[in-house]
>>> print(open('data15.txt').read())   # compact mmCIF, N, CA and C atoms
# COMPACT_ATOMS: atom_id res chain seq x y z
N MET A 108 -138.17 -10.36 10.82
CA MET A 108 -136.88 -10.07 10.21
C MET A 108 -135.95 -11.29 10.25
N LYS A 109 -136.04 -12.09 11.28
CA LYS A 109 -135.15 -13.23 11.40
C LYS A 109 -135.40 -14.24 10.29
N ILE A 110 -136.66 -14.48 9.95
CA ILE A 110 -136.99 -15.44 8.89
C ILE A 110 -136.46 -14.95 7.55
N LYS A 111 -136.50 -13.64 7.32
CA LYS A 111 -135.96 -13.05 6.09
C LYS A 111 -134.47 -13.34 5.98
N ARG A 112 -133.75 -13.20 7.09
CA ARG A 112 -132.31 -13.47 7.09
C ARG A 112 -132.01 -14.93 6.83
N ILE A 113 -132.80 -15.81 7.43
CA ILE A 113 -132.60 -17.25 7.24
C ILE A 113 -132.85 -17.64 5.79
N ILE A 114 -133.96 -17.16 5.24
CA ILE A 114 -134.28 -17.44 3.83
C ILE A 114 -133.19 -16.91 2.93
N SER A 115 -132.75 -15.69 3.20
CA SER A 115 -131.70 -15.09 2.39
C SER A 115 -130.42 -15.93 2.42
N TRP A 116 -130.00 -16.34 3.62
CA TRP A 116 -128.78 -17.14 3.74
C TRP A 116 -128.90 -18.47 3.01
N ILE A 117 -130.05 -19.11 3.09
CA ILE A 117 -130.24 -20.38 2.38
C ILE A 117 -130.10 -20.15 0.88
N LEU A 118 -130.75 -19.11 0.36
CA LEU A 118 -130.68 -18.81 -1.07
C LEU A 118 -129.27 -18.39 -1.48
N GLN A 119 -128.60 -17.61 -0.64
CA GLN A 119 -127.23 -17.19 -0.92
C GLN A 119 -126.30 -18.40 -1.04
N ILE A 120 -126.45 -19.33 -0.12
CA ILE A 120 -125.59 -20.52 -0.12
C ILE A 120 -125.87 -21.38 -1.35
N ILE A 121 -127.15 -21.56 -1.68
CA ILE A 121 -127.49 -22.36 -2.87
C ILE A 121 -126.87 -21.74 -4.12
N ALA A 122 -127.09 -20.44 -4.31
CA ALA A 122 -126.55 -19.76 -5.50
C ALA A 122 -125.03 -19.80 -5.51
N ALA A 123 -124.41 -19.54 -4.37
CA ALA A 123 -122.94 -19.52 -4.29
C ALA A 123 -122.35 -20.90 -4.57
N VAL A 124 -122.96 -21.94 -4.04
CA VAL A 124 -122.44 -23.30 -4.25
C VAL A 124 -122.53 -23.68 -5.73
N ILE A 125 -123.65 -23.39 -6.35
CA ILE A 125 -123.81 -23.73 -7.77
C ILE A 125 -122.79 -22.96 -8.61
N LEU A 126 -122.67 -21.65 -8.36
CA LEU A 126 -121.70 -20.85 -9.11
C LEU A 126 -120.28 -21.33 -8.86
N PHE A 127 -119.97 -21.65 -7.61
CA PHE A 127 -118.62 -22.05 -7.24
C PHE A 127 -118.22 -23.38 -7.89
N GLN A 128 -119.16 -24.32 -7.93
CA GLN A 128 -118.82 -25.64 -8.49
C GLN A 128 -118.47 -25.56 -9.97
N THR A 129 -119.00 -24.58 -10.68
CA THR A 129 -118.70 -24.47 -12.11
C THR A 129 -117.30 -23.88 -12.35
N LEU A 130 -116.73 -23.26 -11.33
CA LEU A 130 -115.41 -22.64 -11.50
C LEU A 130 -114.33 -23.66 -11.83
N TYR A 131 -114.41 -24.82 -11.23
CA TYR A 131 -113.44 -25.87 -11.51
C TYR A 131 -113.39 -26.16 -13.02
N PHE A 132 -114.56 -26.29 -13.62
CA PHE A 132 -114.64 -26.61 -15.05
C PHE A 132 -114.09 -25.48 -15.91
N LYS A 133 -114.38 -24.24 -15.50
CA LYS A 133 -113.91 -23.10 -16.28
C LYS A 133 -112.40 -22.90 -16.15
N PHE A 134 -111.89 -22.94 -14.93
CA PHE A 134 -110.48 -22.61 -14.71
C PHE A 134 -109.52 -23.75 -15.05
N THR A 135 -110.01 -24.98 -15.16
CA THR A 135 -109.14 -26.09 -15.53
C THR A 135 -109.27 -26.44 -17.01
N ALA A 136 -110.02 -25.66 -17.74
CA ALA A 136 -110.26 -25.90 -19.17
C ALA A 136 -110.79 -27.31 -19.40
N HIS A 137 -111.75 -27.67 -18.55
CA HIS A 137 -112.40 -28.98 -18.70
C HIS A 137 -113.02 -29.06 -20.10
N PRO A 138 -112.88 -30.20 -20.78
CA PRO A 138 -113.37 -30.32 -22.16
C PRO A 138 -114.82 -29.88 -22.36
N GLU A 139 -115.71 -30.20 -21.42
CA GLU A 139 -117.11 -29.78 -21.56
C GLU A 139 -117.23 -28.26 -21.58
N SER A 140 -116.48 -27.61 -20.70
CA SER A 140 -116.51 -26.15 -20.64
C SER A 140 -115.91 -25.54 -21.91
N VAL A 141 -114.82 -26.11 -22.37
CA VAL A 141 -114.19 -25.62 -23.60
C VAL A 141 -115.15 -25.76 -24.79
N ILE A 142 -115.86 -26.88 -24.87
CA ILE A 142 -116.83 -27.09 -25.95
C ILE A 142 -117.92 -26.03 -25.92
N LEU A 143 -118.46 -25.75 -24.72
CA LEU A 143 -119.53 -24.74 -24.59
C LEU A 143 -119.06 -23.38 -25.06
N PHE A 144 -117.91 -22.95 -24.57
CA PHE A 144 -117.44 -21.61 -24.91
C PHE A 144 -116.93 -21.54 -26.35
N THR A 145 -116.51 -22.67 -26.92
CA THR A 145 -116.15 -22.70 -28.34
C THR A 145 -117.40 -22.51 -29.18
N LYS A 146 -118.51 -23.17 -28.79
CA LYS A 146 -119.78 -22.98 -29.50
C LYS A 146 -120.20 -21.51 -29.50
N LEU A 147 -119.90 -20.83 -28.40
CA LEU A 147 -120.25 -19.41 -28.28
C LEU A 147 -119.25 -18.51 -28.99
N GLY A 148 -118.12 -19.08 -29.39
CA GLY A 148 -117.10 -18.30 -30.09
C GLY A 148 -116.28 -17.40 -29.18
N VAL A 149 -116.19 -17.76 -27.90
CA VAL A 149 -115.47 -16.91 -26.94
C VAL A 149 -114.45 -17.69 -26.11
N GLU A 150 -113.97 -18.79 -26.66
CA GLU A 150 -112.98 -19.61 -25.96
C GLU A 150 -111.59 -19.08 -26.30
N PRO A 151 -110.68 -18.86 -25.38
CA PRO A 151 -110.71 -19.13 -23.94
C PRO A 151 -111.09 -17.91 -23.10
N TRP A 152 -110.99 -16.71 -23.67
CA TRP A 152 -111.16 -15.51 -22.86
C TRP A 152 -112.56 -15.39 -22.26
N GLY A 153 -113.58 -15.86 -22.95
CA GLY A 153 -114.94 -15.80 -22.41
C GLY A 153 -115.12 -16.75 -21.24
N ARG A 154 -114.51 -17.92 -21.35
CA ARG A 154 -114.57 -18.92 -20.27
C ARG A 154 -113.87 -18.40 -19.02
N ILE A 155 -112.67 -17.89 -19.19
CA ILE A 155 -111.88 -17.40 -18.04
C ILE A 155 -112.52 -16.13 -17.46
N GLY A 156 -112.94 -15.22 -18.32
CA GLY A 156 -113.58 -13.98 -17.85
C GLY A 156 -114.87 -14.25 -17.09
N THR A 157 -115.68 -15.16 -17.63
CA THR A 157 -116.92 -15.53 -16.94
C THR A 157 -116.61 -16.16 -15.59
N GLY A 158 -115.59 -17.00 -15.56
CA GLY A 158 -115.18 -17.63 -14.29
C GLY A 158 -114.77 -16.60 -13.25
N ILE A 159 -114.01 -15.60 -13.68
CA ILE A 159 -113.58 -14.55 -12.75
C ILE A 159 -114.78 -13.79 -12.20
N ILE A 160 -115.71 -13.43 -13.08
CA ILE A 160 -116.90 -12.70 -12.63
C ILE A 160 -117.75 -13.58 -11.70
N GLU A 161 -117.86 -14.86 -12.00
CA GLU A 161 -118.61 -15.77 -11.14
C GLU A 161 -117.95 -15.89 -9.77
N LEU A 162 -116.63 -15.94 -9.74
CA LEU A 162 -115.91 -16.00 -8.46
C LEU A 162 -116.17 -14.74 -7.63
N VAL A 163 -116.15 -13.59 -8.28
CA VAL A 163 -116.46 -12.34 -7.59
C VAL A 163 -117.88 -12.38 -7.05
N ALA A 164 -118.83 -12.85 -7.85
CA ALA A 164 -120.23 -12.94 -7.42
C ALA A 164 -120.37 -13.85 -6.20
N VAL A 165 -119.66 -14.97 -6.21
CA VAL A 165 -119.71 -15.91 -5.08
C VAL A 165 -119.25 -15.22 -3.81
N VAL A 166 -118.11 -14.54 -3.89
CA VAL A 166 -117.57 -13.85 -2.70
C VAL A 166 -118.55 -12.79 -2.22
N LEU A 167 -119.07 -11.99 -3.15
CA LEU A 167 -120.00 -10.92 -2.78
C LEU A 167 -121.30 -11.48 -2.17
N LEU A 168 -121.74 -12.62 -2.67
CA LEU A 168 -122.95 -13.25 -2.12
C LEU A 168 -122.78 -13.68 -0.67
N LEU A 169 -121.56 -13.98 -0.28
CA LEU A 169 -121.32 -14.51 1.07
C LEU A 169 -120.87 -13.46 2.08
N ILE A 170 -120.73 -12.23 1.65
CA ILE A 170 -120.39 -11.13 2.56
C ILE A 170 -121.67 -10.33 2.82
N PRO A 171 -122.11 -10.25 4.07
CA PRO A 171 -123.40 -9.61 4.37
C PRO A 171 -123.59 -8.20 3.79
N THR A 172 -122.55 -7.39 3.77
CA THR A 172 -122.71 -6.02 3.28
C THR A 172 -122.75 -5.91 1.76
N THR A 173 -122.39 -7.00 1.05
CA THR A 173 -122.36 -6.93 -0.41
C THR A 173 -123.30 -7.94 -1.07
N VAL A 174 -124.23 -8.46 -0.30
CA VAL A 174 -125.15 -9.48 -0.82
C VAL A 174 -125.91 -8.99 -2.04
N PHE A 175 -126.43 -7.79 -1.98
CA PHE A 175 -127.22 -7.28 -3.11
C PHE A 175 -126.37 -7.21 -4.37
N ILE A 176 -125.15 -6.70 -4.25
CA ILE A 176 -124.26 -6.58 -5.42
C ILE A 176 -123.95 -7.97 -5.98
N GLY A 177 -123.68 -8.94 -5.11
CA GLY A 177 -123.40 -10.29 -5.55
C GLY A 177 -124.59 -10.91 -6.26
N ALA A 178 -125.78 -10.74 -5.70
CA ALA A 178 -126.98 -11.30 -6.31
C ALA A 178 -127.28 -10.62 -7.64
N PHE A 179 -127.11 -9.32 -7.70
CA PHE A 179 -127.35 -8.57 -8.94
C PHE A 179 -126.37 -9.02 -10.03
N THR A 180 -125.12 -9.21 -9.63
CA THR A 180 -124.10 -9.71 -10.56
C THR A 180 -124.47 -11.11 -11.05
N ALA A 181 -124.91 -11.96 -10.14
CA ALA A 181 -125.30 -13.32 -10.50
C ALA A 181 -126.49 -13.31 -11.46
N VAL A 182 -127.44 -12.43 -11.23
CA VAL A 182 -128.60 -12.34 -12.14
C VAL A 182 -128.12 -12.01 -13.55
N GLY A 183 -127.23 -11.02 -13.66
CA GLY A 183 -126.71 -10.66 -14.98
C GLY A 183 -125.98 -11.79 -15.66
N LEU A 184 -125.10 -12.44 -14.92
CA LEU A 184 -124.36 -13.58 -15.46
C LEU A 184 -125.28 -14.69 -15.93
N ILE A 185 -126.23 -15.02 -15.09
CA ILE A 185 -127.10 -16.15 -15.37
C ILE A 185 -128.08 -15.85 -16.50
N LEU A 186 -128.52 -14.60 -16.61
CA LEU A 186 -129.36 -14.25 -17.76
C LEU A 186 -128.58 -14.46 -19.06
N GLY A 187 -127.29 -14.12 -19.04
CA GLY A 187 -126.44 -14.37 -20.20
C GLY A 187 -126.30 -15.85 -20.48
N ALA A 188 -126.12 -16.65 -19.43
CA ALA A 188 -125.98 -18.09 -19.59
C ALA A 188 -127.27 -18.70 -20.14
N ILE A 189 -128.40 -18.28 -19.61
CA ILE A 189 -129.69 -18.80 -20.07
C ILE A 189 -129.93 -18.41 -21.53
N ALA A 190 -129.63 -17.16 -21.86
CA ALA A 190 -129.78 -16.71 -23.26
C ALA A 190 -128.87 -17.52 -24.18
N SER A 191 -127.65 -17.82 -23.73
CA SER A 191 -126.73 -18.63 -24.53
C SER A 191 -127.27 -20.04 -24.74
N HIS A 192 -127.86 -20.60 -23.71
CA HIS A 192 -128.43 -21.95 -23.83
C HIS A 192 -129.61 -21.95 -24.80
N ILE A 193 -130.44 -20.94 -24.71
CA ILE A 193 -131.63 -20.90 -25.56
C ILE A 193 -131.28 -20.63 -27.02
N THR A 194 -130.29 -19.75 -27.26
CA THR A 194 -130.01 -19.32 -28.63
C THR A 194 -128.91 -20.11 -29.34
N VAL A 195 -127.90 -20.59 -28.61
CA VAL A 195 -126.74 -21.21 -29.26
C VAL A 195 -126.48 -22.64 -28.79
N ILE A 196 -126.32 -22.81 -27.49
CA ILE A 196 -125.88 -24.08 -26.93
C ILE A 196 -126.97 -25.14 -26.98
N GLY A 197 -128.18 -24.73 -26.65
CA GLY A 197 -129.29 -25.66 -26.53
C GLY A 197 -129.56 -25.96 -25.06
N ILE A 198 -130.77 -26.34 -24.74
CA ILE A 198 -131.14 -26.64 -23.37
C ILE A 198 -130.31 -27.82 -22.86
N GLU A 199 -130.16 -28.84 -23.68
CA GLU A 199 -129.33 -29.98 -23.32
C GLU A 199 -127.96 -29.78 -23.96
N SER A 200 -126.94 -29.96 -23.16
CA SER A 200 -125.58 -29.74 -23.65
C SER A 200 -124.72 -30.97 -23.37
N ASN A 201 -124.11 -31.49 -24.40
CA ASN A 201 -123.21 -32.64 -24.27
C ASN A 201 -123.85 -33.81 -23.51
N GLY A 202 -125.14 -34.04 -23.76
CA GLY A 202 -125.83 -35.17 -23.14
C GLY A 202 -126.08 -35.03 -21.66
N ASP A 203 -126.14 -33.79 -21.14
CA ASP A 203 -126.35 -33.60 -19.70
C ASP A 203 -127.81 -33.62 -19.29
N GLY A 204 -128.71 -33.81 -20.24
CA GLY A 204 -130.13 -33.86 -19.92
C GLY A 204 -130.70 -32.52 -19.48
N GLY A 205 -130.00 -31.44 -19.79
CA GLY A 205 -130.46 -30.11 -19.42
C GLY A 205 -130.05 -29.68 -18.01
N GLU A 206 -129.12 -30.42 -17.41
CA GLU A 206 -128.70 -30.14 -16.02
C GLU A 206 -128.12 -28.73 -15.86
N LEU A 207 -127.22 -28.31 -16.76
CA LEU A 207 -126.64 -26.97 -16.66
C LEU A 207 -127.72 -25.89 -16.76
N PHE A 208 -128.67 -26.10 -17.66
CA PHE A 208 -129.75 -25.14 -17.84
C PHE A 208 -130.61 -25.06 -16.58
N ARG A 209 -130.94 -26.21 -16.00
CA ARG A 209 -131.75 -26.22 -14.76
C ARG A 209 -131.00 -25.53 -13.61
N LEU A 210 -129.71 -25.77 -13.50
CA LEU A 210 -128.92 -25.11 -12.45
C LEU A 210 -128.91 -23.59 -12.66
N ALA A 211 -128.84 -23.17 -13.91
CA ALA A 211 -128.88 -21.74 -14.21
C ALA A 211 -130.22 -21.14 -13.77
N ILE A 212 -131.29 -21.85 -14.01
CA ILE A 212 -132.62 -21.38 -13.59
C ILE A 212 -132.69 -21.26 -12.07
N VAL A 213 -132.14 -22.24 -11.37
CA VAL A 213 -132.12 -22.21 -9.89
C VAL A 213 -131.34 -20.99 -9.41
N VAL A 214 -130.17 -20.73 -10.00
CA VAL A 214 -129.38 -19.56 -9.60
C VAL A 214 -130.14 -18.28 -9.90
N LEU A 215 -130.82 -18.22 -11.04
CA LEU A 215 -131.59 -17.03 -11.39
C LEU A 215 -132.70 -16.78 -10.36
N ILE A 216 -133.42 -17.82 -10.01
CA ILE A 216 -134.52 -17.68 -9.03
C ILE A 216 -133.96 -17.25 -7.67
N CYS A 217 -132.93 -17.94 -7.21
CA CYS A 217 -132.33 -17.60 -5.90
C CYS A 217 -131.83 -16.16 -5.89
N SER A 218 -131.09 -15.79 -6.91
CA SER A 218 -130.48 -14.45 -6.96
C SER A 218 -131.53 -13.35 -7.08
N THR A 219 -132.58 -13.62 -7.83
CA THR A 219 -133.66 -12.63 -7.96
C THR A 219 -134.36 -12.43 -6.62
N ILE A 220 -134.65 -13.50 -5.92
CA ILE A 220 -135.28 -13.38 -4.60
C ILE A 220 -134.35 -12.66 -3.62
N ILE A 221 -133.06 -12.95 -3.68
CA ILE A 221 -132.09 -12.25 -2.81
C ILE A 221 -132.12 -10.76 -3.10
N CYS A 222 -132.15 -10.38 -4.37
CA CYS A 222 -132.22 -8.96 -4.72
C CYS A 222 -133.48 -8.31 -4.14
N ILE A 223 -134.58 -9.03 -4.19
CA ILE A 223 -135.84 -8.51 -3.65
C ILE A 223 -135.74 -8.38 -2.12
N LEU A 224 -135.18 -9.38 -1.48
CA LEU A 224 -135.05 -9.35 -0.02
C LEU A 224 -134.11 -8.23 0.45
N HIS A 225 -133.16 -7.86 -0.38
CA HIS A 225 -132.17 -6.84 -0.01
C HIS A 225 -132.34 -5.58 -0.86
N LYS A 226 -133.57 -5.31 -1.27
CA LYS A 226 -133.80 -4.16 -2.16
C LYS A 226 -133.43 -2.83 -1.53
N GLU A 227 -133.53 -2.73 -0.20
CA GLU A 227 -133.14 -1.49 0.47
C GLU A 227 -131.67 -1.19 0.24
N ALA A 228 -130.83 -2.21 0.30
CA ALA A 228 -129.40 -2.03 0.04
C ALA A 228 -129.18 -1.60 -1.41
N GLY A 229 -129.96 -2.15 -2.31
CA GLY A 229 -129.87 -1.77 -3.72
C GLY A 229 -130.27 -0.33 -3.94
N ILE A 230 -131.32 0.10 -3.26
CA ILE A 230 -131.76 1.49 -3.38
C ILE A 230 -130.69 2.43 -2.83
N GLU A 231 -130.10 2.09 -1.70
CA GLU A 231 -129.04 2.91 -1.11
C GLU A 231 -127.83 2.98 -2.04
N LEU A 232 -127.48 1.85 -2.62
CA LEU A 232 -126.36 1.82 -3.55
C LEU A 232 -126.63 2.72 -4.75
N TRP A 233 -127.85 2.64 -5.28
CA TRP A 233 -128.23 3.46 -6.42
C TRP A 233 -128.12 4.95 -6.07
N LYS A 234 -128.57 5.31 -4.89
CA LYS A 234 -128.48 6.71 -4.46
C LYS A 234 -127.03 7.18 -4.37
N LYS A 235 -126.15 6.31 -3.91
CA LYS A 235 -124.73 6.66 -3.80
C LYS A 235 -124.08 6.80 -5.17
N LEU A 236 -124.51 5.97 -6.12
CA LEU A 236 -123.90 5.97 -7.44
C LEU A 236 -124.50 7.01 -8.38
N LYS A 237 -125.66 7.49 -8.03
CA LYS A 237 -126.37 8.43 -8.90
C LYS A 237 -125.56 9.71 -9.03
N PHE A 238 -125.36 10.14 -10.25
CA PHE A 238 -124.61 11.36 -10.49
C PHE A 238 -125.47 12.58 -10.23
N LYS A 239 -124.86 13.58 -9.62
CA LYS A 239 -125.59 14.82 -9.38
C LYS A 239 -125.60 15.64 -10.66
N LYS A 240 -126.74 16.26 -10.93
CA LYS A 240 -126.86 17.07 -12.13
C LYS A 240 -126.13 18.38 -11.91
N LYS A 241 -125.38 18.80 -12.93
CA LYS A 241 -124.69 20.08 -12.85
C LYS A 241 -125.61 21.14 -13.41
N SER A 242 -125.65 22.27 -12.71
CA SER A 242 -126.50 23.36 -13.21
C SER A 242 -125.74 24.12 -14.29
N ILE A 243 -126.47 24.46 -15.34
CA ILE A 243 -125.89 25.19 -16.45
C ILE A 243 -126.20 26.66 -16.25
N LYS A 244 -125.13 27.46 -16.27
CA LYS A 244 -125.31 28.91 -16.08
C LYS A 244 -125.03 29.68 -17.33
>>> encode(input="data15.txt", output="structure tokens")
Amino acid sequence: MKIKRIISWILQIIAAVILFQTLYFKFTAHPESVILFTKLGVEPWGRIGTGIIELVAVVLLLIPTTVFIGAFTAVGLILGAIASHITVIGIESNGDGGELFRLAIVVLICSTIICILHKEAGIELWKKLKFKKKSIK
């Protein structure tokens, strides 16, 4: 169990650091970030909204009781980012050599493994959120 916790923390920190570093670009309206979200047709609200959700994911990833929710949120965000790169932005963006795309892949891998490592928490969460069926009389 101890090795599982160590691996999880390493992956949590990697994903959180990558997500956190992009917040500066989103919240300061850095030209590269503005260009990306303009290409997607969602500037500025998409950039700011994505930044807020990423910030929430970072916080959730670093709190032991909410790791699964943070990782699950990160998976959703990053799948959207990867889809955007593949369909609209391109793998290489603004001459970055594909760096943003590679970082997205790293976050996806880390977050997916975190979800697997904390699947029991996810199952418990699902049970709590599951609506009870009402009997029809």
>>> select_by_dssp(input="data15.txt", residues="chain A", states="alpha helix (DSSP H)", output="PyMOL selection string")
chain A and resi 109-134+138-146+152-169+174-191+206-224+226-236
>>> atom_distance(input="data15.txt", atom1="atom CA of A:Thr129", atom2="atom CA of A:Val195")
19.2 Å
>>> atom_distance(input="data15.txt", atom1="atom N of A:Tyr131", atom2="atom N of A:Ser191")
19.5 Å
>>> closest_atom_pairs(input="data15.txt", of="stretch 164-205 of chain A", to="stretch 132-144 of chain A", cutoff="12 Å", atoms="only C-alpha atoms", output="Markdown table")
| residue | atom | partner | partner_atom | distance |
| --- | --- | --- | --- | --- |
| A:Ala188 | CA | A:Leu143 | CA | 10.5 |
| A:Ser191 | CA | A:Leu143 | CA | 9.4 |
| A:His192 | CA | A:Leu143 | CA | 9.4 |
| A:Val195 | CA | A:Leu143 | CA | 9.3 |
| A:Ile196 | CA | A:Leu143 | CA | 6.8 |
| A:Gly197 | CA | A:Leu143 | CA | 10.0 |
| A:Ile198 | CA | A:Leu143 | CA | 11.8 |
| A:Glu199 | CA | A:Leu143 | CA | 11.2 |
| A:Ser200 | CA | A:Leu143 | CA | 7.9 |
| A:Asn201 | CA | A:Glu139 | CA | 7.3 |
| A:Gly202 | CA | A:Glu139 | CA | 10.4 |
| A:Asp203 | CA | A:Glu139 | CA | 10.2 |
>>> closest_residue(input="data15.txt", among="A:Phe208, A:Ile170, A:Leu126, A:Leu215", to="A:Gly183", atoms="only N, CA and C atoms")
A:Leu215
>>> atom_distance(input="data15.txt", atom1="atom CA of A:Ile176", atom2="atom CA of A:Gly148")
28.2 Å
>>> residues_around(input="data15.txt", residues="A:Ile212", least_positions_apart="5", cutoff="7 Å", atoms="all atoms listed in the file", output="VMD selection string")
chain A and resid 189 207 217
>>> residues_around(input="data15.txt", residues="A:Gln119", least_positions_apart="5", cutoff="6.5 Å", atoms="all atoms listed in the file", output="list in words")
Ile114, Val124, Leu168 and Cys217 of chain A
>>> closest_residue(input="data15.txt", among="A:Val214, A:Val165, A:Ile110, A:Ile159", to="A:Gly177", atoms="only N, CA and C atoms")
A:Val165
>>> axis_aligned_box(input="data15.txt", around="stretch 139-142 of chain A", padding_each_side="5 Å", output="AutoDock Vina command-line options")
--center_x -116.1 --center_y -27.9 --center_z -23.3 --size_x 13.7 --size_y 14.7 --size_z 15.3
>>> closest_residue(input="data15.txt", among="A:Leu130, A:Val149, A:Ala228, A:Ala211", to="A:Thr172", atoms="all atoms listed in the file")
A:Ala228
>>> closest_residue(input="data15.txt", among="A:Ala178, A:Val163, A:Ile193, A:Ile230", to="A:Ile120", atoms="only C-alpha atoms")
A:Ala178
>>> closest_residue(input="data15.txt", among="A:Gly229, A:Gly156, A:Gly187, A:Pro151", to="A:Phe175", atoms="all atoms listed in the file")
A:Gly229
>>> closest_residue(input="data15.txt", among="A:Ile160, A:Lys146, A:Val174, A:Gln128", to="A:His225", atoms="only N, CA and C atoms")
A:Val174
>>> decode(input="data15.txt", residues="stretch 109-166 of chain A", atoms="C-alpha atoms", output="PDB file, in the first residue's frame")
ATOM      1  CA  LYS A 109       2.835   2.419   0.728  1.00  0.00           C
ATOM      2  CA  ILE A 110       4.248   2.154  -2.813  1.00  0.00           C
ATOM      3  CA  LYS A 111       0.768   2.888  -4.213  1.00  0.00           C
ATOM      4  CA  ARG A 112       0.626   6.098  -2.157  1.00  0.00           C
ATOM      5  CA  ILE A 113       4.106   7.158  -3.258  1.00  0.00           C
ATOM      6  CA  ILE A 114       3.338   6.526  -6.932  1.00  0.00           C
ATOM      7  CA  SER A 115       0.040   8.358  -6.587  1.00  0.00           C
ATOM      8  CA  TRP A 116       1.669  11.403  -4.964  1.00  0.00           C
ATOM      9  CA  ILE A 117       4.352  11.572  -7.666  1.00  0.00           C
ATOM     10  CA  LEU A 118       1.704  11.441 -10.402  1.00  0.00           C
ATOM     11  CA  GLN A 119      -0.523  13.934  -8.560  1.00  0.00           C
ATOM     12  CA  ILE A 120       2.332  16.418  -8.269  1.00  0.00           C
ATOM     13  CA  ILE A 121       3.344  16.025 -11.928  1.00  0.00           C
ATOM     14  CA  ALA A 122      -0.236  16.569 -13.149  1.00  0.00           C
ATOM     15  CA  ALA A 123      -0.860  19.445 -10.729  1.00  0.00           C
ATOM     16  CA  VAL A 124       2.375  21.252 -11.639  1.00  0.00           C
ATOM     17  CA  ILE A 125       1.688  21.017 -15.373  1.00  0.00           C
ATOM     18  CA  LEU A 126      -1.908  22.199 -14.953  1.00  0.00           C
ATOM     19  CA  PHE A 127      -0.864  24.965 -12.560  1.00  0.00           C
ATOM     20  CA  GLN A 128       1.857  26.370 -14.816  1.00  0.00           C
ATOM     21  CA  THR A 129      -0.644  26.929 -17.627  1.00  0.00           C
ATOM     22  CA  LEU A 130      -2.834  29.086 -15.372  1.00  0.00           C
ATOM     23  CA  TYR A 131      -0.466  32.030 -15.647  1.00  0.00           C
ATOM     24  CA  PHE A 132      -0.920  32.061 -19.427  1.00  0.00           C
ATOM     25  CA  LYS A 133      -4.697  31.753 -19.212  1.00  0.00           C
ATOM     26  CA  PHE A 134      -5.345  34.291 -16.454  1.00  0.00           C
ATOM     27  CA  THR A 135      -2.932  36.953 -17.748  1.00  0.00           C
ATOM     28  CA  ALA A 136      -4.273  36.747 -21.313  1.00  0.00           C
ATOM     29  CA  HIS A 137      -0.830  35.807 -22.579  1.00  0.00           C
ATOM     30  CA  PRO A 138      -0.781  36.245 -26.385  1.00  0.00           C
ATOM     31  CA  GLU A 139      -0.098  32.533 -27.020  1.00  0.00           C
ATOM     32  CA  SER A 140      -3.090  31.552 -24.905  1.00  0.00           C
ATOM     33  CA  VAL A 141      -5.308  34.160 -26.548  1.00  0.00           C
ATOM     34  CA  ILE A 142      -4.290  32.874 -30.005  1.00  0.00           C
ATOM     35  CA  LEU A 143      -5.157  29.271 -29.056  1.00  0.00           C
ATOM     36  CA  PHE A 144      -8.571  30.102 -27.663  1.00  0.00           C
ATOM     37  CA  THR A 145      -9.286  32.474 -30.565  1.00  0.00           C
ATOM     38  CA  LYS A 146      -8.608  29.579 -32.971  1.00  0.00           C
ATOM     39  CA  LEU A 147     -11.158  27.580 -30.983  1.00  0.00           C
ATOM     40  CA  GLY A 148     -13.635  30.460 -31.137  1.00  0.00           C
ATOM     41  CA  VAL A 149     -14.018  30.675 -27.354  1.00  0.00           C
ATOM     42  CA  GLU A 150     -11.854  33.657 -26.410  1.00  0.00           C
ATOM     43  CA  PRO A 151     -12.039  35.040 -23.677  1.00  0.00           C
ATOM     44  CA  TRP A 152     -14.697  33.074 -21.793  1.00  0.00           C
ATOM     45  CA  GLY A 153     -13.329  29.663 -22.824  1.00  0.00           C
ATOM     46  CA  ARG A 154      -9.813  30.602 -21.724  1.00  0.00           C
ATOM     47  CA  ILE A 155     -10.935  31.947 -18.346  1.00  0.00           C
ATOM     48  CA  GLY A 156     -13.455  29.143 -17.756  1.00  0.00           C
ATOM     49  CA  THR A 157     -10.903  26.472 -18.600  1.00  0.00           C
ATOM     50  CA  GLY A 158      -8.424  28.161 -16.261  1.00  0.00           C
ATOM     51  CA  ILE A 159     -10.926  28.128 -13.406  1.00  0.00           C
ATOM     52  CA  ILE A 160     -11.696  24.441 -13.924  1.00  0.00           C
ATOM     53  CA  GLU A 161      -7.965  23.649 -14.130  1.00  0.00           C
ATOM     54  CA  LEU A 162      -7.369  25.520 -10.871  1.00  0.00           C
ATOM     55  CA  VAL A 163     -10.119  23.498  -9.194  1.00  0.00           C
ATOM     56  CA  ALA A 164      -8.588  20.268 -10.564  1.00  0.00           C
ATOM     57  CA  VAL A 165      -5.157  21.248  -9.195  1.00  0.00           C
ATOM     58  CA  VAL A 166      -6.564  21.872  -5.717  1.00  0.00           C
TER      59      VAL A 166
END
